[in-house]
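Following: one structure in structure tokens, then a few remarks.
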Amino acid sequence: MPTFVTAVPPAPSEVAKAHFAAEFTFETDCWDVHDALTKGADFVLLDVRSPAMYAAGHVPGAINLPHGKIIASKLTSWPPETVFVTYCAGPHCNGAARGALRLAELGRPVKIMAGGITGWVDEGFSLAKAAGD
């Protein structure tokens, strides 16, 4: 008797390969963001949470731009090809997806940092507490 895990069979390997490869075009992880930040990031990291949550602790180097405030006029400092990476509180929060959607609607390349602040802390990375890092 199959379990709930195997009752629906896995996708064929070629379908699974395409699916999992595509995921990397939409997201990155905390470890890769941390590594890139230490080497000189080629993206802009956006903390899309509220200013109060940002002030309480954020990824060093992140810019606070709440997802509801992502509009074209706020992005004029960056060339159109600038890659943005959004994050929020963690897997229980959809703010990163909301911010990524707004950026995509504005024609900006974007990825989500999977795990958000929760993932960042789980990896053992420190948070900045002051707005100026």
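To be explicit about the labels: the chains of the structure tokens are called A, B, and onward in the order shown, and within each one the residues are counted from 1, while ligands get numbers from 1 in the order they are shown.
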Report as a PyMOL selection string: the residues of segment 3-121 of chain A with a DSSP assignment of alpha helix (DSSP H), based on the backbone of this structure.
chain A and resi 13-26+30-39+51-56+95-105+116-121
Met113 of chain A environment, 6 Å, only C-alpha atoms, sequence neighbours closer than 6 positions dropped, as a list of chain:residue names
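Once the adjacent positions are removed, what remains is A:Glu27, A:Thr28, A:Asp29, A:Thr86, A:Tyr87.
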Of the residues A:Met1, A:Val85, A:Ala22, A:Val121, which is the one nearest to Val44 of chain A, using only C-alpha atoms?
A:Val85
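In this model, the gap between atom CA of Asp32 of chain A and atom CA of Ser73 of chain A comes to 29.0 Å.
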Just want the 9 Å neighbourhood of segment 94-100 of chain A, counted on only C-alpha atoms, with same-chain residues fewer than 6 positions away dropped. Output as a PyMOL selection string.
chain A and resi 46-49+65-70+84-88+108-114+116
Residue contacts of Gly90 of chain A (6 Å, only C-alpha atoms) excluding same-chain residues fewer than 3 positions away, as a ChimeraX atom specification
/A:93,115-118
Run DSSP on the backbone of this structure and report the residues of chain A it assigns to strand (DSSP E or B), as an MDAnalysis selection string.
chainID A and resid 27:29 44:47 58 63:64 84:87 110:114 128
When you count only C-alpha atoms, which of these residues is closest to Thr82 of chain A: A:Ala21, A:Tyr54, A:Gly61, A:Asp42?
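Selected residue with least distance to Thr82 of chain A: A:Asp42.
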Which one is closest to His34 of chain A: A:Phe4, A:Phe20, A:Trp78, A:Trp120? Count only C-alpha atoms.
A:Trp120
